[in-house]
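Inspection log for the structure reproduced underneath, given as structure tokens.
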Amino acid sequence: MYEIRIHSRGGQGGVTAAKLLALAAFRDHKYATAFPFYGAERRGAPVVSFVRIDENPIRVYSQIKKPGLIVVLDNSIMEVVDVLHGLRPGGKVLLNGTLPHDMKGFQTLSVDLTTIALRLNLVVAGSPILNTPVIGALAKMGIVSMDSAKLAISEMFSDDRNVQAAEAAYMELVL
Amino acid sequence: MLTIATGNKAVAAAVKQVSPEVIAAYPITPQTEIVEQIAEYVTNGELKSQYIPVESEHSAMAACIGASITGARTFTATSSHGLLYMHEMVNWAAGGRLPIVMANVNRALGPGWNIWAEHTDSMQERDTGWLQVYVSTVQEAYDTTLMAFRIAEHHEVLLPVMVNLDGFSLSHINQSLETVELGDFIPPLRLPHAIDVKNPRGYGPLTGPEEYFKFRWDIERSMRDSVKVIESTEKDFSQRFGRSYGFTDDYQCEDADVVIVSMGTIGKEAEVAIDLLRKEGIRAGSMRIRWFRPFPKLDLSGRDVVVIDRDYSFGYGGILAEAVRSTCRAEPYSVIAGLGGQEVTYDDIAGFIQGRRPGEEYWFGVTPDV
Amino acid sequence: MTEIPKEEYLFKCTSACAGCSSSLVLRYVLKAAGPDTVLVMPACCTSVIQGIYPNTAMNVPVYNVAFAAAAACASGMSAAFRAGKKATNVIVYAGDGGTVDIGIQALSGAFERRTDFLYICYDNEAYGNTGMQRSGATPTGARTTTTPGGKPDTKKDIDRIVEAHDPPYMATACSAYPHDLFKKVTKALSIRGPKFIHVLAPCPPGWRYPTEQTVEMGKLAVKTGMWVLFEREYGKVTINGPSKAAMIKPLPIEEYLGPQGRFKGISREAVDALVSLARRNAKRLSLQEEGVC
């Protein structure tokens, strides 16, 4: 079972990113679950979402304690949250943008999702949309197939720029 | 159709297909998504129901009652304080023999304010004459909601059914969902006592001590009759759509020396704990109770029993443990865990089984300094 | 004079108290409503008056429902009938306690949602069914079992609360004026949406006057100006004849209070409060009728 934890701030789309990723995995004919940890819902507050992907039905509901991959949609969260907490040995990190922090030796990848969203004018209520480009980056990392990523995005969003954003992130992420 | 959905959306999808004439509901976390989704279905024309945005849960159930007695199919959804606020009408619905279906998203009760999963809300409604079923996956929430309408409306039942799903851990988790073509699985509702102005009757008038108990017995008689209706409905569902559930969801129980009994999502996660224990050579099994009312006959003879209660009756004990103790003559190890959304992992569950002390009660996480 | 149908929907086998005016009210309401009618009834005197299972004195279906739930229950019933293309009248028949106190939230919600129904509050100014405890509708100075020294507070003005919901039709009536009541119920049921009729229903055992004076007591309430008969149709107020006359030349309030045991020993201050409230109400309604406010 592959376990992923996504860190974002309320309103940035971390919860939707988890759902998109699960849907893409499902379109890859795998089993997947996606769920946020819900606290009091406040715009701008740190939010954690979880995704599990497996070849078999998933019967676990508790939070992910030892993820294999950590996704950070807003690097400023690293100042207040230990995002690496529980990351398995050999686990990976995907950041949005540059690498300002000590990642304690974990393999860390980065792609500028915010710039991609702004370039395509994917902005809702003043916030760049990060949940669709990040799926492209995760496809590049092999978590899901790119075909399924695009399928999942188009199932949930009618605006074609979302697929374009995923494709851009797929291109721009350097493994 | 195959897709992914949350538990809430799965319930709404089932309701859309069943198409009740009247839906009355009041939003409450974590049920809100059901109400929002239904409102959207009604607004965009996918669902032809009369949707009544009531001003309280008491009125939600009252409106369902008023609609149901005309012979209309009705649905509502609530949670926690909302369920308790409508408690009076919950009783009225069963006493009035109205086949209302309600989704209850299980959530703890204040104070302090807590929006996470716990079963104490619906447990406080267990004596109302409602059938109660607890589900553990998104698919099961959908399938069971469909079955709930057929069971409630069956002429040998005519009692309301409450479909319970864990707040957030099931209501908000995305899992795969396969929707079905309903066909004639749910026949049209024929309410024998529906209001007919050409045959005017009084409903629920003053009823004296020499008559009242007969109506109470009639509820119990139907509750007992509902057992075979549940069985036949689940069997037909399985034959048509290929998924079967039953009164309990048993996992590796056949040869088990110890069985863990629980409900809801913890009951599904318990299966993972059983796999771990089996690898260590411990013959353990999991029995997840689905139908809590009518309470099923459980075969737990000759085994150790561990019960997880996500609820509590103060001054008495875990409510599920008590049901197991009294119906199975077992001396379970009673574990109180998961209150107010407390994290309970499969490792924890395996630990409950390994550390069991039959006849004792254990509050998970409680230490002498709490 | 209005032709009132001979058909009876309330039979003579009720279990009402002698001199009960609310059963008269119900009789005329049902004559106006006719057979395609369902009554929704919260706990109130009529819960008993309708008869005890397995008998019923009612010749229309009656759905008895919990105290606070009548208007919400009617909401669901009306929605279901209208969805089934049925024009059946849905009438809530509730006492003052079930209306101005415990049922007010459901009442407010049903009116806000524009439920197609008629809500009738028959007002005997206390919880009569259970032996006269105070309600929000009990007038100042009236003795009840829970205000043995006379009620210190003012009668809640449910009409102004309902008015704030801007219903297409609302009216007051009194059991002593059955033709007026009949006409108002008929008119209300001809209009779609939420309608409200507030009927004063004097209560011999509760108000402590001789049973044969039940009609007279209603007339005195109107003639002294303690009860004003009016209609509000799409916002336009009409004060009805008997109250018009009472506004010009009211009978002294003592003629109304005197025969009632509940007002025995009422203080001068309480009487003044009743009079001044009645005058304020009359003035406001007159101004509204003239279109001034």
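Labels for the structure tokens follow display order: chains A, B, ..., residues from 1 in each chain, ligands from 1.
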
Could you tell me which residues of chain B sit within 7 Å of chain A when counting only C-alpha atoms, and give me the result as a PDB file with N, CA, C and O atoms, in the first residue's frame?
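Saved the output as result_13.pdb:
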ATOM      1  N   ILE B   4     -15.575   7.598  -7.941  1.00  0.00           N
ATOM      2  CA  ILE B   4     -15.257   7.669  -6.522  1.00  0.00           C
ATOM      3  C   ILE B   4     -16.156   8.720  -5.891  1.00  0.00           C
ATOM      4  O   ILE B   4     -16.572   9.669  -6.545  1.00  0.00           O
ATOM      5  N   SER B 169     -14.806   9.965   9.055  1.00  0.00           N
ATOM      6  CA  SER B 169     -14.023   8.806   8.630  1.00  0.00           C
ATOM      7  C   SER B 169     -14.729   8.056   7.504  1.00  0.00           C
ATOM      8  O   SER B 169     -14.067   7.461   6.659  1.00  0.00           O
ATOM      9  N   HIS B 172     -16.724  11.611   4.809  1.00  0.00           N
ATOM     10  CA  HIS B 172     -15.870  12.483   4.008  1.00  0.00           C
ATOM     11  C   HIS B 172     -14.733  11.765   3.302  1.00  0.00           C
ATOM     12  O   HIS B 172     -13.884  12.409   2.698  1.00  0.00           O
ATOM     13  N   ILE B 173     -14.693  10.433   3.388  1.00  0.00           N
ATOM     14  CA  ILE B 173     -13.606   9.731   2.701  1.00  0.00           C
ATOM     15  C   ILE B 173     -14.047   9.428   1.273  1.00  0.00           C
ATOM     16  O   ILE B 173     -15.211   9.116   1.023  1.00  0.00           O
ATOM     17  N   ASN B 174     -13.117   9.566   0.336  1.00  0.00           N
ATOM     18  CA  ASN B 174     -13.396   9.191  -1.048  1.00  0.00           C
ATOM     19  C   ASN B 174     -12.974   7.754  -1.259  1.00  0.00           C
ATOM     20  O   ASN B 174     -11.807   7.398  -1.005  1.00  0.00           O
ATOM     21  N   GLN B 175     -13.921   6.936  -1.702  1.00  0.00           N
ATOM     22  CA  GLN B 175     -13.628   5.552  -2.073  1.00  0.00           C
ATOM     23  C   GLN B 175     -14.358   5.264  -3.383  1.00  0.00           C
ATOM     24  O   GLN B 175     -15.171   6.063  -3.836  1.00  0.00           O
ATOM     25  N   THR B 265     -16.680   2.005  10.780  1.00  0.00           N
ATOM     26  CA  THR B 265     -15.367   1.949  10.123  1.00  0.00           C
ATOM     27  C   THR B 265     -14.336   1.199  10.957  1.00  0.00           C
ATOM     28  O   THR B 265     -13.451   0.539  10.408  1.00  0.00           O
ATOM     29  N   LYS B 268     -14.325  -2.315  10.003  1.00  0.00           N
ATOM     30  CA  LYS B 268     -13.624  -2.656   8.751  1.00  0.00           C
ATOM     31  C   LYS B 268     -12.116  -2.685   8.995  1.00  0.00           C
ATOM     32  O   LYS B 268     -11.425  -3.602   8.544  1.00  0.00           O
ATOM     33  N   GLU B 269     -11.609  -1.706   9.741  1.00  0.00           N
ATOM     34  CA  GLU B 269     -10.168  -1.660  10.022  1.00  0.00           C
ATOM     35  C   GLU B 269      -9.753  -2.868  10.863  1.00  0.00           C
ATOM     36  O   GLU B 269      -8.606  -3.332  10.794  1.00  0.00           O
ATOM     37  N   VAL B 272      -7.977  -5.739   9.186  1.00  0.00           N
ATOM     38  CA  VAL B 272      -6.523  -5.641   8.978  1.00  0.00           C
ATOM     39  C   VAL B 272      -5.795  -6.163  10.222  1.00  0.00           C
ATOM     40  O   VAL B 272      -4.773  -6.861  10.113  1.00  0.00           O
ATOM     41  N   GLU B 343      -8.410   8.458  17.369  1.00  0.00           N
ATOM     42  CA  GLU B 343      -7.765   7.562  16.410  1.00  0.00           C
ATOM     43  C   GLU B 343      -7.652   6.152  16.986  1.00  0.00           C
ATOM     44  O   GLU B 343      -7.154   5.968  18.112  1.00  0.00           O
ATOM     45  N   VAL B 344      -8.118   5.181  16.211  1.00  0.00           N
ATOM     46  CA  VAL B 344      -7.961   3.783  16.585  1.00  0.00           C
ATOM     47  C   VAL B 344      -7.408   3.067  15.361  1.00  0.00           C
ATOM     48  O   VAL B 344      -8.093   2.954  14.340  1.00  0.00           O
ATOM     49  N   THR B 345      -6.156   2.617  15.436  1.00  0.00           N
ATOM     50  CA  THR B 345      -5.526   1.991  14.270  1.00  0.00           C
ATOM     51  C   THR B 345      -5.656   0.473  14.366  1.00  0.00           C
ATOM     52  O   THR B 345      -6.007  -0.081  15.412  1.00  0.00           O
TER      53      THR B 345
END

All residues 10 Å or closer to Ala87 (chain C), only C-alpha atoms, same chain fewer than 6 positions away omitted, as a ChimeraX atom specification: /C:36-37,78,81,116

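Contacts from chain B to chain C at a cut-off of 6 Å (only C-alpha atoms) map to B:Glu55, B:Ser59, B:Ala62, B:Ala63, B:Cys64, B:Gly66, B:Ala67, B:Val197, B:Pro200, B:Arg201, B:Gly202, B:Tyr203, B:Gly204, B:Leu206, B:Thr207.
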
Excluding region 289-304 of chain B and its own-chain neighbours fewer than 4 positions away, which residues fall within 9 Å of it when counting only C-alpha atoms? Please give them as an mmCIF file with C-alpha atoms, in the first residue's frame.
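Output below, filename selection-v3.cif:
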data_model
loop_
_atom_site.group_PDB
_atom_site.id
_atom_site.type_symbol
_atom_site.label_atom_id
_atom_site.label_comp_id
_atom_site.auth_asym_id
_atom_site.auth_seq_id
_atom_site.Cartn_x
_atom_site.Cartn_y
_atom_site.Cartn_z
ATOM 1 C CA ARG B 126 -32.133 2.636 19.847
ATOM 2 C CA ASP B 127 -35.416 2.192 21.727
ATOM 3 C CA GLY B 129 -38.818 1.572 17.067
ATOM 4 C CA TRP B 130 -36.492 2.473 14.194
ATOM 5 C CA LEU B 131 -34.485 -0.174 12.406
ATOM 6 C CA GLN B 132 -30.814 0.749 12.677
ATOM 7 C CA VAL B 133 -28.000 -0.275 10.360
ATOM 8 C CA TYR B 134 -24.326 0.767 10.556
ATOM 9 C CA VAL B 135 -22.166 0.796 7.431
ATOM 10 C CA SER B 136 -18.413 0.826 6.916
ATOM 11 C CA MET B 223 -39.614 -5.419 14.227
ATOM 12 C CA ARG B 224 -39.432 -9.221 14.560
ATOM 13 C CA SER B 226 -38.404 -7.314 9.684
ATOM 14 C CA VAL B 227 -35.713 -9.960 10.205
ATOM 15 C CA TYR B 245 -23.750 -7.946 3.441
ATOM 16 C CA GLY B 246 -26.015 -9.589 6.031
ATOM 17 C CA PHE B 247 -26.848 -8.805 9.648
ATOM 18 C CA THR B 248 -23.177 -9.059 10.509
ATOM 19 C CA ASP B 249 -20.068 -8.864 8.360
ATOM 20 C CA ASP B 250 -17.983 -11.822 9.552
ATOM 21 C CA ALA B 256 -11.547 -18.183 15.524
ATOM 22 C CA ASP B 257 -10.635 -18.609 19.188
ATOM 23 C CA VAL B 258 -11.260 -14.908 19.752
ATOM 24 C CA VAL B 259 -13.755 -12.682 17.949
ATOM 25 C CA ILE B 260 -13.741 -8.902 18.010
ATOM 26 C CA VAL B 261 -17.206 -7.355 17.719
ATOM 27 C CA SER B 262 -17.588 -3.744 16.589
ATOM 28 C CA MET B 263 -19.510 -1.427 14.263
ATOM 29 C CA GLY B 264 -18.789 1.092 11.521
ATOM 30 C CA GLY B 267 -15.138 -2.797 12.235
ATOM 31 C CA LEU B 320 -22.733 -2.873 22.216
ATOM 32 C CA ALA B 323 -26.058 -6.178 23.954
ATOM 33 C CA VAL B 324 -23.470 -8.917 23.343
ATOM 34 C CA THR B 327 -27.860 -11.921 24.093
ATOM 35 C CA CYS B 328 -24.841 -14.252 23.885
ATOM 36 C CA ARG B 329 -24.210 -15.048 27.532
ATOM 37 C CA ALA B 330 -20.628 -13.985 26.826
ATOM 38 C CA GLU B 331 -18.265 -12.185 29.190
ATOM 39 C CA PRO B 332 -16.660 -9.838 26.686
ATOM 40 C CA TYR B 333 -13.575 -7.722 27.132
ATOM 41 C CA ARG B 356 -7.897 -9.022 26.406
ATOM 42 C CA PRO B 358 -12.616 -11.191 29.657
#

Nearest residue to Gly136 (chain A) out of A:Lys92, A:Asp160, A:Phe106, A:Ala17, using only C-alpha atoms?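 Among the listed residues, the smallest separation from Gly136 (chain A) belongs to A:Ala17.
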